[in-house]
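Undergrad: Next comes start_33.pdb, PDB, C-alpha atoms, pLDDT in the B column:
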ATOM      1  CA  MET A   1      -4.300 -32.032  -2.084  1.00 67.00           C
ATOM      2  CA  ASP A   2      -2.846 -29.521   0.365  1.00 87.00           C
ATOM      3  CA  LYS A   3      -5.095 -26.646   1.358  1.00 93.00           C
ATOM      4  CA  ILE A   4      -4.208 -23.078   0.398  1.00 95.00           C
ATOM      5  CA  LYS A   5      -2.937 -21.274   3.493  1.00 96.00           C
ATOM      6  CA  VAL A   6      -4.225 -17.717   3.942  1.00 96.00           C
ATOM      7  CA  LEU A   7      -3.207 -15.001   6.414  1.00 96.00           C
ATOM      8  CA  ILE A   8      -5.803 -12.245   6.953  1.00 93.00           C
ATOM      9  CA  VAL A   9      -4.392  -8.796   7.698  1.00 91.00           C
ATOM     10  CA  GLY A  10      -5.956  -5.635   9.074  1.00 82.00           C
ATOM     11  CA  GLY A  11      -9.527  -4.447   9.493  1.00 74.00           C
ATOM     12  CA  TYR A  12     -11.945  -4.817  12.368  1.00 76.00           C
ATOM     13  CA  ASP A  13     -11.926  -8.027  14.387  1.00 79.00           C
ATOM     14  CA  LEU A  14     -15.545  -8.827  13.483  1.00 78.00           C
ATOM     15  CA  PHE A  15     -14.816  -8.430   9.768  1.00 79.00           C
ATOM     16  CA  ARG A  16     -11.693 -10.613   9.992  1.00 82.00           C
ATOM     17  CA  LYS A  17     -13.623 -13.360  11.789  1.00 85.00           C
ATOM     18  CA  GLY A  18     -16.393 -13.219   9.182  1.00 86.00           C
ATOM     19  CA  LEU A  19     -13.868 -13.394   6.365  1.00 88.00           C
ATOM     20  CA  TRP A  20     -12.188 -16.321   8.114  1.00 90.00           C
ATOM     21  CA  LEU A  21     -15.456 -18.308   8.220  1.00 91.00           C
ATOM     22  CA  VAL A  22     -16.338 -17.460   4.612  1.00 90.00           C
ATOM     23  CA  LEU A  23     -12.972 -18.567   3.247  1.00 91.00           C
ATOM     24  CA  GLU A  24     -12.780 -21.799   5.201  1.00 89.00           C
ATOM     25  CA  SER A  25     -16.262 -22.734   3.995  1.00 89.00           C
ATOM     26  CA  ALA A  26     -14.702 -23.166   0.541  1.00 86.00           C
ATOM     27  CA  GLY A  27     -13.149 -26.415   1.732  1.00 86.00           C
ATOM     28  CA  ASP A  28      -9.733 -26.120   0.092  1.00 92.00           C
ATOM     29  CA  ILE A  29      -8.644 -22.959   1.924  1.00 94.00           C
ATOM     30  CA  GLU A  30      -7.209 -22.874   5.434  1.00 95.00           C
ATOM     31  CA  VAL A  31      -6.932 -19.550   7.265  1.00 94.00           C
ATOM     32  CA  VAL A  32      -3.745 -19.993   9.278  1.00 95.00           C
ATOM     33  CA  GLY A  33      -3.985 -16.762  11.231  1.00 93.00           C
ATOM     34  CA  GLU A  34      -4.669 -13.058  11.350  1.00 90.00           C
ATOM     35  CA  ALA A  35      -2.398 -10.115  12.039  1.00 87.00           C
ATOM     36  CA  ASN A  36      -2.385  -6.364  12.473  1.00 81.00           C
ATOM     37  CA  GLY A  37       0.081  -3.512  12.574  1.00 70.00           C
ATOM     38  CA  GLU A  38       3.774  -4.001  13.182  1.00 70.00           C
ATOM     39  CA  TRP A  39       3.389  -7.757  13.764  1.00 80.00           C
ATOM     40  CA  VAL A  40       2.263  -8.491  10.209  1.00 87.00           C
ATOM     41  CA  ALA A  41       5.680  -9.257   8.716  1.00 87.00           C
ATOM     42  CA  LYS A  42       6.715 -11.365  11.713  1.00 88.00           C
ATOM     43  CA  LYS A  43       3.491 -13.367  11.528  1.00 91.00           C
ATOM     44  CA  ALA A  44       3.888 -13.877   7.788  1.00 93.00           C
ATOM     45  CA  CYS A  45       7.431 -15.217   8.246  1.00 92.00           C
ATOM     46  CA  GLU A  46       6.262 -17.590  10.994  1.00 93.00           C
ATOM     47  CA  LEU A  47       3.218 -18.965   9.146  1.00 95.00           C
ATOM     48  CA  LEU A  48       4.486 -18.810   5.530  1.00 95.00           C
ATOM     49  CA  PRO A  49       0.988 -18.487   4.016  1.00 96.00           C
ATOM     50  CA  ASP A  50       0.348 -19.071   0.316  1.00 96.00           C
ATOM     51  CA  VAL A  51      -1.683 -15.856   0.170  1.00 96.00           C
ATOM     52  CA  ILE A  52      -1.809 -12.779   2.389  1.00 96.00           C
ATOM     53  CA  LEU A  53      -5.166 -10.996   2.201  1.00 94.00           C
ATOM     54  CA  ILE A  54      -5.181  -7.363   3.324  1.00 90.00           C
ATOM     55  CA  ASN A  55      -8.585  -6.175   4.489  1.00 83.00           C
ATOM     56  CA  VAL A  56     -10.601  -3.365   2.963  1.00 67.00           C
ATOM     57  CA  GLU A  57     -10.891  -1.475   6.276  1.00 64.00           C
ATOM     58  CA  THR A  58      -7.136  -1.018   6.565  1.00 68.00           C
ATOM     59  CA  PRO A  59      -6.317   2.677   5.864  1.00 65.00           C
ATOM     60  CA  LYS A  60      -5.084   3.373   2.331  1.00 60.00           C
ATOM     61  CA  ARG A  61      -1.532   4.288   3.296  1.00 61.00           C
ATOM     62  CA  GLY A  62      -1.572   1.468   5.839  1.00 73.00           C
ATOM     63  CA  LYS A  63      -2.141  -1.054   3.055  1.00 79.00           C
ATOM     64  CA  LEU A  64       0.894   0.204   1.184  1.00 81.00           C
ATOM     65  CA  GLU A  65       3.117   0.159   4.258  1.00 81.00           C
ATOM     66  CA  ILE A  66       2.009  -3.384   5.084  1.00 85.00           C
ATOM     67  CA  VAL A  67       2.834  -4.543   1.545  1.00 87.00           C
ATOM     68  CA  SER A  68       6.322  -3.057   1.881  1.00 83.00           C
ATOM     69  CA  LEU A  69       6.886  -4.570   5.330  1.00 84.00           C
ATOM     70  CA  ILE A  70       5.888  -8.027   4.156  1.00 89.00           C
ATOM     71  CA  LYS A  71       7.842  -7.947   0.887  1.00 87.00           C
ATOM     72  CA  ASN A  72      10.970  -6.751   2.695  1.00 82.00           C
ATOM     73  CA  GLU A  73      10.850  -9.785   4.990  1.00 86.00           C
ATOM     74  CA  LEU A  74       9.186 -12.296   2.657  1.00 89.00           C
ATOM     75  CA  PRO A  75       9.887 -11.370  -1.000  1.00 88.00           C
ATOM     76  CA  GLU A  76       8.032 -14.407  -2.355  1.00 91.00           C
ATOM     77  CA  ALA A  77       4.767 -13.501  -0.586  1.00 92.00           C
ATOM     78  CA  ASN A  78       1.584 -13.424  -2.707  1.00 95.00           C
ATOM     79  CA  ILE A  79      -0.334 -10.381  -1.471  1.00 95.00           C
ATOM     80  CA  VAL A  80      -3.964  -9.621  -2.336  1.00 94.00           C
ATOM     81  CA  LEU A  81      -5.591  -6.287  -1.486  1.00 91.00           C
ATOM     82  CA  LEU A  82      -9.293  -5.903  -0.806  1.00 88.00           C
ATOM     83  CA  ILE A  83      -9.806  -2.302  -1.930  1.00 81.00           C
ATOM     84  CA  GLY A  84     -12.591   0.246  -2.030  1.00 77.00           C
ATOM     85  CA  ASN A  85     -13.592   1.861  -5.328  1.00 73.00           C
ATOM     86  CA  SER A  86     -11.954   5.136  -4.303  1.00 67.00           C
ATOM     87  CA  GLU A  87      -8.641   3.361  -3.716  1.00 68.00           C
ATOM     88  CA  CYS A  88      -7.944   2.314  -7.300  1.00 68.00           C
ATOM     89  CA  GLU A  89      -5.503   5.236  -7.497  1.00 67.00           C
ATOM     90  CA  TYR A  90      -3.306   3.360  -5.012  1.00 74.00           C
ATOM     91  CA  VAL A  91      -3.037   0.271  -7.197  1.00 79.00           C
ATOM     92  CA  VAL A  92      -0.102   1.649  -9.192  1.00 78.00           C
ATOM     93  CA  GLU A  93       1.912   2.217  -6.025  1.00 79.00           C
ATOM     94  CA  ALA A  94       0.849  -1.167  -4.641  1.00 83.00           C
ATOM     95  CA  VAL A  95       2.072  -2.856  -7.839  1.00 83.00           C
ATOM     96  CA  LYS A  96       5.445  -1.171  -7.412  1.00 80.00           C
ATOM     97  CA  ARG A  97       5.619  -2.464  -3.858  1.00 83.00           C
ATOM     98  CA  GLY A  98       4.864  -6.052  -4.862  1.00 87.00           C
ATOM     99  CA  ALA A  99       1.156  -6.856  -4.385  1.00 91.00           C
ATOM    100  CA  ILE A 100      -0.287  -9.110  -7.131  1.00 92.00           C
ATOM    101  CA  GLY A 101      -4.043  -9.172  -6.441  1.00 91.00           C
ATOM    102  CA  TYR A 102      -6.562  -6.322  -6.349  1.00 89.00           C
ATOM    103  CA  VAL A 103     -10.170  -7.131  -5.492  1.00 88.00           C
ATOM    104  CA  LEU A 104     -12.883  -4.480  -5.338  1.00 86.00           C
ATOM    105  CA  ALA A 105     -14.710  -5.236  -2.087  1.00 81.00           C
ATOM    106  CA  GLU A 106     -17.983  -3.653  -3.222  1.00 79.00           C
ATOM    107  CA  ASP A 107     -18.144  -5.912  -6.271  1.00 76.00           C
ATOM    108  CA  ILE A 108     -16.928  -9.368  -5.230  1.00 79.00           C
ATOM    109  CA  SER A 109     -18.792 -12.569  -4.465  1.00 86.00           C
ATOM    110  CA  VAL A 110     -17.493 -15.270  -2.155  1.00 87.00           C
ATOM    111  CA  GLU A 111     -16.997 -17.554  -5.142  1.00 89.00           C
ATOM    112  CA  ASN A 112     -14.946 -14.963  -7.019  1.00 90.00           C
ATOM    113  CA  LEU A 113     -12.837 -14.127  -3.963  1.00 91.00           C
ATOM    114  CA  VAL A 114     -12.032 -17.810  -3.497  1.00 92.00           C
ATOM    115  CA  ASN A 115     -11.100 -18.008  -7.189  1.00 93.00           C
ATOM    116  CA  VAL A 116      -8.765 -15.010  -6.835  1.00 93.00           C
ATOM    117  CA  ILE A 117      -7.069 -16.603  -3.831  1.00 95.00           C
ATOM    118  CA  LYS A 118      -6.549 -19.837  -5.755  1.00 94.00           C
ATOM    119  CA  ARG A 119      -5.044 -17.992  -8.718  1.00 94.00           C
ATOM    120  CA  THR A 120      -2.760 -15.765  -6.686  1.00 95.00           C
ATOM    121  CA  SER A 121      -1.593 -18.715  -4.575  1.00 95.00           C
ATOM    122  CA  ARG A 122      -0.007 -19.958  -7.821  1.00 93.00           C
ATOM    123  CA  GLY A 123       1.655 -16.600  -8.356  1.00 92.00           C
ATOM    124  CA  GLU A 124      -0.844 -15.371 -10.960  1.00 93.00           C
ATOM    125  CA  ALA A 125      -1.761 -11.699 -10.931  1.00 91.00           C
ATOM    126  CA  PHE A 126      -5.386 -10.537 -10.733  1.00 91.00           C
ATOM    127  CA  ALA A 127      -6.940  -7.089 -10.803  1.00 87.00           C
ATOM    128  CA  HIS A 128     -10.490  -5.763 -10.897  1.00 82.00           C
ATOM    129  CA  PRO A 129     -11.305  -3.995 -14.224  1.00 84.00           C
ATOM    130  CA  ASN A 130     -11.378  -0.601 -12.473  1.00 78.00           C
ATOM    131  CA  ALA A 131      -7.852  -1.214 -11.162  1.00 79.00           C
ATOM    132  CA  ILE A 132      -6.660  -2.338 -14.612  1.00 82.00           C
ATOM    133  CA  LYS A 133      -8.128   0.827 -16.109  1.00 81.00           C
ATOM    134  CA  LYS A 134      -6.157   2.906 -13.605  1.00 76.00           C
ATOM    135  CA  LEU A 135      -2.963   1.003 -14.412  1.00 75.00           C
ATOM    136  CA  PHE A 136      -3.334   1.583 -18.156  1.00 77.00           C
ATOM    137  CA  HIS A 137      -4.145   5.252 -17.553  1.00 75.00           C
ATOM    138  CA  GLU A 138      -1.002   5.626 -15.463  1.00 71.00           C
ATOM    139  CA  LEU A 139       1.080   4.046 -18.229  1.00 69.00           C
ATOM    140  CA  ALA A 140      -0.412   6.385 -20.817  1.00 72.00           C
ATOM    141  CA  TYR A 141      -0.397   9.506 -18.628  1.00 67.00           C
ATOM    142  CA  PRO A 142       2.182   9.086 -15.830  1.00 63.00           C
ATOM    143  CA  SER A 143       1.453  11.126 -12.724  1.00 59.00           C
ATOM    144  CA  PRO A 144       3.985  13.819 -11.855  1.00 53.00           C
ATOM    145  CA  ALA A 145       6.587  12.857  -9.264  1.00 48.00           C
ATOM    146  CA  ASP A 146       5.426  12.781  -5.677  1.00 49.00           C
ATOM    147  CA  SER A 147       5.499  16.369  -4.423  1.00 46.00           C
ATOM    148  CA  SER A 148       4.883  15.665  -0.732  1.00 47.00           C
ATOM    149  CA  ASN A 149       8.249  17.222   0.079  1.00 46.00           C
ATOM    150  CA  GLU A 150       7.005  20.465  -1.521  1.00 53.00           C
ATOM    151  CA  ILE A 151       3.658  20.289   0.294  1.00 74.00           C
ATOM    152  CA  LEU A 152       5.341  20.221   3.706  1.00 83.00           C
ATOM    153  CA  THR A 153       6.484  23.577   5.027  1.00 85.00           C
ATOM    154  CA  LYS A 154      10.023  24.040   6.310  1.00 86.00           C
ATOM    155  CA  ARG A 155       8.812  23.986   9.911  1.00 90.00           C
ATOM    156  CA  GLU A 156       6.806  20.819   9.287  1.00 89.00           C
ATOM    157  CA  LYS A 157       9.941  19.218   7.838  1.00 90.00           C
ATOM    158  CA  ASP A 158      11.856  20.257  10.963  1.00 92.00           C
ATOM    159  CA  VAL A 159       9.230  18.598  13.151  1.00 94.00           C
ATOM    160  CA  LEU A 160       9.173  15.499  10.953  1.00 93.00           C
ATOM    161  CA  GLN A 161      12.965  15.164  11.171  1.00 93.00           C
ATOM    162  CA  LEU A 162      12.787  15.279  14.968  1.00 94.00           C
ATOM    163  CA  ILE A 163      10.017  12.671  14.925  1.00 92.00           C
ATOM    164  CA  ILE A 164      12.310  10.425  12.883  1.00 91.00           C
ATOM    165  CA  ASN A 165      15.030  11.072  15.473  1.00 91.00           C
ATOM    166  CA  GLY A 166      12.697   9.700  18.139  1.00 90.00           C
ATOM    167  CA  LYS A 167      12.042  12.969  19.944  1.00 92.00           C
ATOM    168  CA  ALA A 168       8.961  13.392  22.154  1.00 92.00           C
ATOM    169  CA  ASN A 169       6.674  16.412  21.759  1.00 93.00           C
ATOM    170  CA  LYS A 170       8.266  18.259  24.698  1.00 94.00           C
ATOM    171  CA  GLU A 171      11.748  17.691  23.284  1.00 94.00           C
ATOM    172  CA  ILE A 172      10.656  18.914  19.840  1.00 94.00           C
ATOM    173  CA  ALA A 173       9.153  22.021  21.430  1.00 93.00           C
ATOM    174  CA  GLY A 174      12.411  22.721  23.255  1.00 94.00           C
ATOM    175  CA  GLU A 175      14.623  22.286  20.201  1.00 93.00           C
ATOM    176  CA  LEU A 176      12.445  24.472  17.987  1.00 92.00           C
ATOM    177  CA  SER A 177      11.574  27.006  20.703  1.00 91.00           C
ATOM    178  CA  ILE A 178       7.839  26.567  20.247  1.00 91.00           C
ATOM    179  CA  GLY A 179       5.028  25.387  22.503  1.00 90.00           C
ATOM    180  CA  VAL A 180       3.967  21.757  22.886  1.00 91.00           C
ATOM    181  CA  THR A 181       0.492  22.674  21.627  1.00 91.00           C
ATOM    182  CA  THR A 182       2.081  24.083  18.474  1.00 91.00           C
ATOM    183  CA  VAL A 183       4.090  20.888  18.030  1.00 92.00           C
ATOM    184  CA  LYS A 184       0.899  18.831  18.248  1.00 92.00           C
ATOM    185  CA  SER A 185      -0.698  21.085  15.628  1.00 90.00           C
ATOM    186  CA  PHE A 186       2.247  20.576  13.265  1.00 91.00           C
ATOM    187  CA  ILE A 187       2.090  16.824  13.772  1.00 92.00           C
ATOM    188  CA  ARG A 188      -1.629  16.739  12.959  1.00 90.00           C
ATOM    189  CA  LYS A 189      -0.940  18.651   9.729  1.00 88.00           C
ATOM    190  CA  ILE A 190       1.919  16.323   8.806  1.00 90.00           C
ATOM    191  CA  PHE A 191      -0.229  13.239   9.376  1.00 88.00           C
ATOM    192  CA  LYS A 192      -3.010  14.713   7.255  1.00 85.00           C
ATOM    193  CA  LYS A 193      -0.712  15.681   4.377  1.00 83.00           C
ATOM    194  CA  LEU A 194       1.085  12.336   4.328  1.00 84.00           C
ATOM    195  CA  GLU A 195      -2.167  10.395   4.907  1.00 80.00           C
ATOM    196  CA  VAL A 196      -0.727   8.476   7.855  1.00 82.00           C
ATOM    197  CA  ALA A 197      -2.066   7.645  11.302  1.00 83.00           C
ATOM    198  CA  ASN A 198       0.964   7.650  13.590  1.00 86.00           C
ATOM    199  CA  ARG A 199       4.617   8.659  14.018  1.00 87.00           C
ATOM    200  CA  ALA A 200       6.003   5.362  12.765  1.00 85.00           C
ATOM    201  CA  GLN A 201       4.039   5.635   9.511  1.00 83.00           C
ATOM    202  CA  ALA A 202       5.070   9.284   9.106  1.00 86.00           C
ATOM    203  CA  ALA A 203       8.748   8.375   9.557  1.00 85.00           C
ATOM    204  CA  SER A 204       8.433   5.446   7.161  1.00 83.00           C
ATOM    205  CA  GLU A 205       6.722   7.585   4.498  1.00 81.00           C
ATOM    206  CA  ALA A 206       9.329  10.336   4.891  1.00 82.00           C
ATOM    207  CA  LEU A 207      12.187   7.891   4.392  1.00 80.00           C
ATOM    208  CA  ARG A 208      10.442   6.074   1.517  1.00 76.00           C
ATOM    209  CA  SER A 209       9.647   9.282  -0.364  1.00 75.00           C
ATOM    210  CA  HIS A 210      12.915  11.082   0.518  1.00 77.00           C
ATOM    211  CA  LEU A 211      10.876  13.995   1.867  1.00 80.00           C
ATOM    212  CA  LEU A 212      13.712  15.541   3.840  1.00 80.00           C
ATOM    213  CA  GLU A 213      16.430  15.393   1.210  1.00 69.00           C
TER     214      GLU A 213
END
Now that the file is in, can you turn its structure into structure tokens?

TA:
Amino acid sequence: MDKIKVLIVGGYDLFRKGLWLVLESAGDIEVVGEANGEWVAKKACELLPDVILINVETPKRGKLEIVSLIKNELPEANIVLLIGNSECEYVVEAVKRGAIGYVLAEDISVENLVNVIKRTSRGEAFAHPNAIKKLFHELAYPSPADSSNEILTKREKDVLQLIINGKANKEIAGELSIGVTTVKSFIRKIFKKLEVANRAQAASEALRSHLLE
């Protein structure tokens, strides 16, 4: 019988290597590679894994962006998220983006993780009870529409638009007639409000959520 091919995504190198060894010890799982950042979708298309496992240490918003990147390039991908207990609120959005497995890292044994990978490799969905509870709660009491566009000030939106346009800090400062230090301060606030780590993620989140419309 063919082994289940797994691609490990995100997290610290030491954690990925440990996860690699643990999974391959199961015997019927083969870890075909690991990936990070912008190369994830490309790697997934090259290796065509049965399951893509996204590590718990990947930032919350990063997990969601990775799911979107992969599903855009590889719609049939079976994506499993290793999540922290505080991240169950993100499960609803992850479902919308196409992930099918949600494993609570603090409450999973090697045996259970292997079982989840086997199930999701067949296209079956799996979610930890805490994640299921959040899903049912969201169905019963839908959250109000994303108000990130209201949270950002007009000036922050101006800066974000210029970031999307590919402008450097000095260019943004010149166009808005403000100092470079002020631009950096705006960018830090934008990153914090959107829960992103870099310009590319900020631009992606702005376009996804229609923040500037």

Undergrad: Using the chain letters and numbers from the file, which residues does the PyMOL selection byres ((chain A and resi 110) around 10) grab, as a list of chain:residue names?

TA: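 On this input, the PyMOL selection byres ((chain A and resi 110) around 10) captures A:Leu19, A:Val22, A:Leu23, A:Ser25, A:Ala26, A:Ile108, A:Ser109, A:Glu111, A:Asn112, A:Leu113, A:Val114, A:Asn115, A:Val116.
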
Undergrad: With distances taken over only C-alpha atoms, which of A:Val40, A:Val103, A:Ile117, A:Val159 is nearest to Ser68 in chain A?

TA: A:Val40

Undergrad: What gap, in Å, lies between CA of Lys154 in chain A and CA of Ala168 in chain A?

TA: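 Taking CA of Lys154 in chain A as the start and CA of Ala168 in chain A as the end point, the length is 19.1 Å.
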
Undergrad: Pick out the residues sitting within 9 Å of Glu34 in chain A, and hand them over as a list in words; count all atoms listed in the file, and ignore anything fewer than 6 positions along from it in its own chain.

TA: Val6, Leu7, Ile8, Val9, Gly10, Arg16, Lys17, Trp20, Val40 and Lys43 of chain A

Undergrad: Apply the PyMOL selection byres ((chain A and resi 119-133) around 7) to the structure shown and report the selected residues as a list in words.

TA: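 Selected by the PyMOL selection byres ((chain A and resi 119-133) around 7) here: Asp50, Val51, Asn78, Cys88, Val91, Ile100, Gly101, Tyr102, Val103, Leu104, Asn115, Val116, Ile117, Lys118, Lys134, Leu135, Phe136 and His137 of chain A.
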
Undergrad: Quick check, in Å to one decimal: how far apart do CA of Cys45 in chain A and CA of Leu74 in chain A lie?

TA: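 Straight-line distance from CA of Cys45 in chain A to CA of Leu74 in chain A works out to 6.5 Å.
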
Undergrad: Determine the nearest neighbour of Phe186 in chain A from the options A:Ile83, A:Ile54, A:Ala203, A:Leu160, counting all atoms listed in the file.

TA: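 Ranking A:Ile83, A:Ile54, A:Ala203, A:Leu160 by distance to Phe186 in chain A, first place goes to A:Leu160.
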
Undergrad: Just the number, please: distance in Å from CA of Ala94 in chain A to CA of Glu65 in chain A, one decimal.

TA: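 According to the coordinates, CA of Ala94 in chain A and CA of Glu65 in chain A are separated by 9.3 Å.
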
Undergrad: Which residues come within 9 Å of Leu212 in chain A, counting only C-alpha atoms, excluding same-chain residues fewer than 2 positions away, as a VMD selection string?

TA: chain A and resid 149 157 to 158 160 to 161 206 to 207 209 to 210

Undergrad: From the list A:Thr153, A:Thr181, A:Asn165, A:Gln201, which residue is nearest Leu64 in chain A when using only C-alpha atoms?

TA: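 Result for the nearest residue to Leu64 in chain A: A:Gln201.
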
Undergrad: Which residue gives the smallest distance to Lys96 in chain A among A:Val67, A:Lys193, A:Asn55, A:Glu76, with only C-alpha atoms counted?

TA: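 That would be A:Val67, the residue with the smallest distance to Lys96 in chain A.
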
Undergrad: Report as a PDB file with C-alpha atoms, keeping the file's coordinate frame the residues that result from applying the PyMOL selection byres ((chain A and resi 73) around 9) to the structure here.

TA:
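Saved to out_24.pdb:
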ATOM      1  CA  ALA A  41       5.680  -9.257   8.716  1.00 87.00           C
ATOM      2  CA  LYS A  42       6.715 -11.365  11.713  1.00 88.00           C
ATOM      3  CA  ALA A  44       3.888 -13.877   7.788  1.00 93.00           C
ATOM      4  CA  CYS A  45       7.431 -15.217   8.246  1.00 92.00           C
ATOM      5  CA  SER A  68       6.322  -3.057   1.881  1.00 83.00           C
ATOM      6  CA  LEU A  69       6.886  -4.570   5.330  1.00 84.00           C
ATOM      7  CA  ILE A  70       5.888  -8.027   4.156  1.00 89.00           C
ATOM      8  CA  LYS A  71       7.842  -7.947   0.887  1.00 87.00           C
ATOM      9  CA  ASN A  72      10.970  -6.751   2.695  1.00 82.00           C
ATOM     10  CA  LEU A  74       9.186 -12.296   2.657  1.00 89.00           C
ATOM     11  CA  PRO A  75       9.887 -11.370  -1.000  1.00 88.00           C
TER      12      PRO A  75
END

Undergrad: Extract, using only C-alpha atoms, all DNA, RNA and protein residues at most 12 Å from Asn169 in chain A, discarding same-chain residues fewer than 2 positions from it, and format them as a PyMOL selection string.

TA: chain A and resi 159-160+162-163+165-167+171-187+199

Undergrad: Produce the centre coordinates and the three edge lengths, each in Å to one decimal, of the box along x, y and z that contains all listed atoms of range 121-128 of chain A with 5 Å added on each side, as JSON.

TA:
{"center_x": -4.4, "center_y": -12.9, "center_z": -7.8, "size_x": 22.1, "size_y": 24.2, "size_z": 16.4}

Undergrad: Rank A:Gly18, A:Gly11, A:Gly98, A:Gly33 by their smallest atom-to-atom distance to Pro49 in chain A, using all atoms listed in the file, and report the top residue only.

TA: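 That would be A:Gly33, the residue with the smallest distance to Pro49 in chain A.
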
Undergrad: Measuring between all atoms listed in the file, which one of A:Glu205, A:Glu106, A:Asp28, A:Glu46 shows the shortest distance to Ile164 in chain A?

TA: A:Glu205
